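Undergrad: Please read through the structure below; I'll follow up with questions.
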Amino acid sequence: MTLTLHLQQALLPDGFAENVRLTVSGGTIATVEPGVAAQPGDISLSGLALPGMPNLHSHAFQRGMAGLSERRGAGEDSFWTWREVMYRFLDRLDPDDVQALAAQAFVEMLEGGFTALAEFHYLHHDKDGRPYADIAAMGGAIAAAAEETGLGLTLLPVLYRFGNFGQAPSVHGQRRFVNTRDSYLKLVEASEAAIRDLPDARLGLAPHSLRAVALDDLDWLSALRPDAPLHIHVAEQMREVEDSIAIMGRRPVALLANTVALDERWCLIHATHLDDAERDAIAASGAVAGLCPITEASLGDGIFDGVRYRASGGRYGVGSDSNIQIDAASELRLLEYSQRFRDRRRALMAEPDASAGVALWRAAATGGAQACGRALGALAPGLRADLVTLDPENPAIIGKTGEAALDSAVFATNALPVRDVFVGGRQVVVEGRHPARATVKARFAAVMRKLLAAL
């Protein structure tokens with residue numbers, strides 16, 4: 001299919017441009033012509049057009065437990081107490097439930113400016129811990145939700161073998177995650193089949209964390225699909241760092257870098273607690289730091305040192321992780337604001353004399369595209385035609401163009417004021433709404449009422 005979009009204004013690789021004709025063929029941008037008039041048959045879009053934002057880290061099923069973990073227990077609350085709530089919630093889920101929860105999350109992602117997703121998928125087995133007849137039944141539910149909503153998908157089946165560093169046994173709450181190497185190979189093959197018919201879908205691989213795999217699993221995984229993206233949780237919590245030092249003798253990122261050759265295939269999720277050498281090693285490797293500021297704030301993880309990482313040339317992107325709030329601008333805003341809280345200065349993720357909103361959007365779009373293993377992240381020939389337009393009538397944007405409009409969209413709105421969204425040249429959001437919003441919400445509501453009644 002070939003179509004041509006005429007964009008009132010667009011953020012291109014070399015800056016903002018007006019009256020941009022963008023031709024799409026087979027889901028890919030074929031030509032970009034700034035400063036030209038619309039032609040008969042063009043689809044004209046008002047407002048500022050941006051490259052779609054990739055969401056580089058999500059656990060879609062957790063959209064259903066949003067708000068259920070805010071009650072303080074008798075002791076100190078932390079990531080580790082939150083994890084127990086998560087284990088209890090997922091105990092009740094079947095593949096149909098997961099598809100309904102994921103579809104709701106995916107609609108919200110598209111309406112929130114995300115056009116592609118790397119789904120870090122570790123909920124594999126039946127409620128008793130035994131594999132389904134189709135070992136990738138849960139991954140198939142994620143793929144079905146992506147097909148229904150039109151969200152671009154990179155599926156990351158997760159290898160989870162142990163309960164902590166040193167190959168400690170897994171615990172009861174992890175029984176639905178755990179695979180041997182042999183069963184994981186079957187999972188990867190079945191996951192590949194589950195996404196085969198999705199447009200431009202990718203398969204990646206994900207050792208859950210250094211806690212959950214053996215060190216020699218890392219090279220083994222890397223060799224399974226030599227071109228596939230590789231994602232791992234690392235250094236999210238101080239307890240994780242302390243356990244790594246106590247049991248393995250090294251800090252987590254240092255241990256990872258000493259075990260496997262980090263390169264552009266890798267996305268290090270969170271990477272919150274780094275020393276200078278670890279931070280510089282990630283930046284030098286070309287790997288992406290996968291930042292999830294809303295979830296990291298919710299869980300009390302800590303603040304990633306974005307200022308020094310950016311100064312070292314580090315690449316980063318953002319993800320919605322636990323999906324308690326799904327909005328691309330809110331993730332970028334909190335990333336910037338966390339640096340301001342810590343350093344008591346402003347516009348810290350931008351270069352001098354440059355726009356913070358533009359810097360954040362560009363960096364996260366390109367870093368997220370790399371982490372998803374897909375040709376995305378800019379409005380340029382040869383890349384996937386993923387784009388978002390902003391509503392020019394939003395009160396924060398009225399009368400503004402260029403960087404002022406994008407800065408206002410990121411820092412002065414309650415949520416990104418999305419008007420239109422295209423994924424691979426297919427329009428999936430019109431006037432701020434996904435066409436399947438009502439039917440997806442109705443199915444989500446039925447599943448949530450059933451799950452909450454069982455709590």
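Lettering and numbering for the structure tokens are positional, with chains as A, B, ... in the shown order, residues counted from 1 in each chain, and ligands counted from 1 in the shown order.
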As a ChimeraX atom specification, please: all residues of range 131-311 of chain A that backbone DSSP puts in alpha helix (DSSP H).

TA: /A:137-149,181-194,215-224,238-243,252-259,276-285,293-298,306-311

Undergrad: Set the distance at 6 Å and use only C-alpha atoms: which residues neighbour range 60-73 of chain A once local chain neighbours fewer than 6 positions away are removed? I'd like the list as a list of chain:residue names.

TA: A:Val98, A:Leu101, A:Ala102, A:Ser322, A:Asn323, A:Ile324

Undergrad: Need to verify the contact set: Asp97 in chain A, 12 Å, only C-alpha atoms, exclusion of same-chain residues closer than 6 positions in sequence. Can you return it as a ChimeraX atom specification?

TA: /A:60-64,89-91,103-104,137-138,141-142,144-145,440,443-451

Undergrad: Leaving out range 154-164 of chain A and any residue of its chain fewer than 5 positions from it, which residues lie within 7 Å of it when counting only C-alpha atoms, given as a list in words?

TA: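 Close residues of range 154-164 of chain A: Leu117, Ala118, Glu119, Phe120, His121, Tyr122, Pro169, Ser170, Val171, Phe177, Val178, Asn179, Thr180, Tyr184, Val188, Ala201, Arg202, Leu203, Gly204, Leu205, Ala206, Pro207, His208, Arg211, Ala212, Val213 and Cys372 of chain A.
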
Undergrad: CA of Glu189 in chain A to CA of Leu221 in chain A: how many Å, to one decimal?

TA: 13.3 Å

Undergrad: At a cut-off of 10 Å, using only C-alpha atoms, what residues contact Gly112 in chain A? Leave out same-chain residues fewer than 2 positions from it and give the result as a ChimeraX atom specification.

TA: /A:53,106-110,114-115,325-330,388,415-419,421,429,432-433

Undergrad: From the list A:Gln174, A:Thr149, A:Asn258, A:Ser244, which residue is nearest Asp126 in chain A when using only C-alpha atoms?

TA: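 Under the stated criterion, the closest residue is A:Gln174.
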
Undergrad: Please run DSSP on the backbone and report, as a JSON list (two decimals) with C-alpha atoms, in the first residue's frame, all residues within range 259-437 of chain A that come out as strand (DSSP E).

TA:
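Listed below is the output, part37.json:
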[["chain", "number", "residue", "atom", "x", "y", "z"],
["A", 266, "TRP", "CA", 21.81, -5.00, 24.59],
["A", 267, "CYS", "CA", 19.28, -2.95, 26.54],
["A", 268, "LEU", "CA", 19.99, -2.67, 30.26],
["A", 269, "ILE", "CA", 16.68, -2.06, 31.98],
["A", 270, "HIS", "CA", 16.79, 0.43, 34.88],
["A", 288, "VAL", "CA", 20.87, 1.31, 25.57],
["A", 289, "ALA", "CA", 19.89, 2.19, 29.12],
["A", 290, "GLY", "CA", 16.19, 1.32, 29.38],
["A", 291, "LEU", "CA", 14.71, 3.90, 31.76],
["A", 315, "ARG", "CA", 22.09, 6.03, 24.64],
["A", 316, "TYR", "CA", 18.74, 5.72, 26.40],
["A", 317, "GLY", "CA", 15.05, 5.18, 25.84],
["A", 318, "VAL", "CA", 11.95, 5.00, 28.01],
["A", 387, "LEU", "CA", 4.44, 8.99, 13.61],
["A", 388, "VAL", "CA", 2.35, 10.97, 16.07],
["A", 389, "THR", "CA", 0.71, 14.35, 15.54],
["A", 390, "LEU", "CA", -0.06, 16.72, 18.40],
["A", 418, "VAL", "CA", -2.08, 13.14, 20.73],
["A", 419, "ARG", "CA", -4.31, 13.74, 17.73],
["A", 420, "ASP", "CA", -3.31, 11.15, 15.10],
["A", 421, "VAL", "CA", -1.09, 8.08, 15.28],
["A", 422, "PHE", "CA", 0.24, 6.02, 12.37],
["A", 423, "VAL", "CA", 2.05, 2.70, 12.77],
["A", 426, "ARG", "CA", -1.64, 2.58, 9.07],
["A", 427, "GLN", "CA", -3.69, 5.08, 11.06],
["A", 428, "VAL", "CA", -4.51, 3.60, 14.47],
["A", 429, "VAL", "CA", -5.57, 6.72, 16.43]]

Undergrad: Neighbouring residues of range 293-304 of chain A were defined as those with any atom within 7 Å, considering only C-alpha atoms; residues of the same chain fewer than 6 positions away were excluded. Please report them as a compact mmCIF listing (two decimals) with C-alpha atoms, in the first residue's frame.

TA:
# COMPACT_ATOMS: atom_id res chain seq x y z
CA SER A 78 9.83 -1.55 48.86
CA PHE A 79 10.19 -3.22 45.49
CA GLU A 236 17.39 -1.64 39.83
CA GLN A 237 17.54 -1.83 43.63
CA THR A 272 19.77 2.77 38.29
CA HIS A 273 22.64 2.17 40.69
CA ASP A 321 7.22 -1.02 32.71
CA SER A 322 4.47 -1.67 35.32
CA GLU A 331 8.06 9.38 31.22
CA LEU A 334 9.85 12.68 35.05
CA LEU A 335 13.26 11.68 33.70
CA SER A 338 14.34 13.66 38.60

Undergrad: Excluding same-chain residues fewer than 3 positions from range 7-18 of chain A, what lies within 6 Å of it counting only C-alpha atoms, as a tab-separated table (two decimals) with C-alpha atoms, in the first residue's frame?

TA:
chain	number	residue	atom	x	y	z
A	35	GLY	CA	8.42	22.97	1.97
A	45	LEU	CA	-2.53	16.37	9.03
A	46	SER	CA	-2.49	19.53	11.11
A	48	LEU	CA	3.23	19.04	14.86
A	49	ALA	CA	4.23	15.57	13.62
A	50	LEU	CA	6.83	13.63	15.60
A	379	LEU	CA	10.89	10.66	10.03
A	402	GLY	CA	8.60	24.00	16.62

Undergrad: How far is it from CA of Ile245 in chain A to CA of Gly306 in chain A, in Å with one decimal?

TA: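 Those two atoms sit 23.7 Å apart.
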
Undergrad: How far is it from CA of Leu3 in chain A to CA of Ala365 in chain A, in Å with one decimal?

TA: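 These two atoms are separated by 23.4 Å.
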
Undergrad: Measuring between only C-alpha atoms, which one of A:Leu274, A:Val253, A:Ala116, A:Leu224 shows the shortest distance to Ser209 in chain A?

TA: A:Val253

Undergrad: Which residue is closest to Arg265 in chain A? Choose from A:Ser408, A:Ser44, A:Gln370, A:Gln339 and count only C-alpha atoms.

TA: A:Gln370

Undergrad: Counting only C-alpha atoms, which of A:Thr366, A:Asn394, A:Thr28, A:Asn19 gets nearest to Gly425 in chain A?

TA: A:Thr28
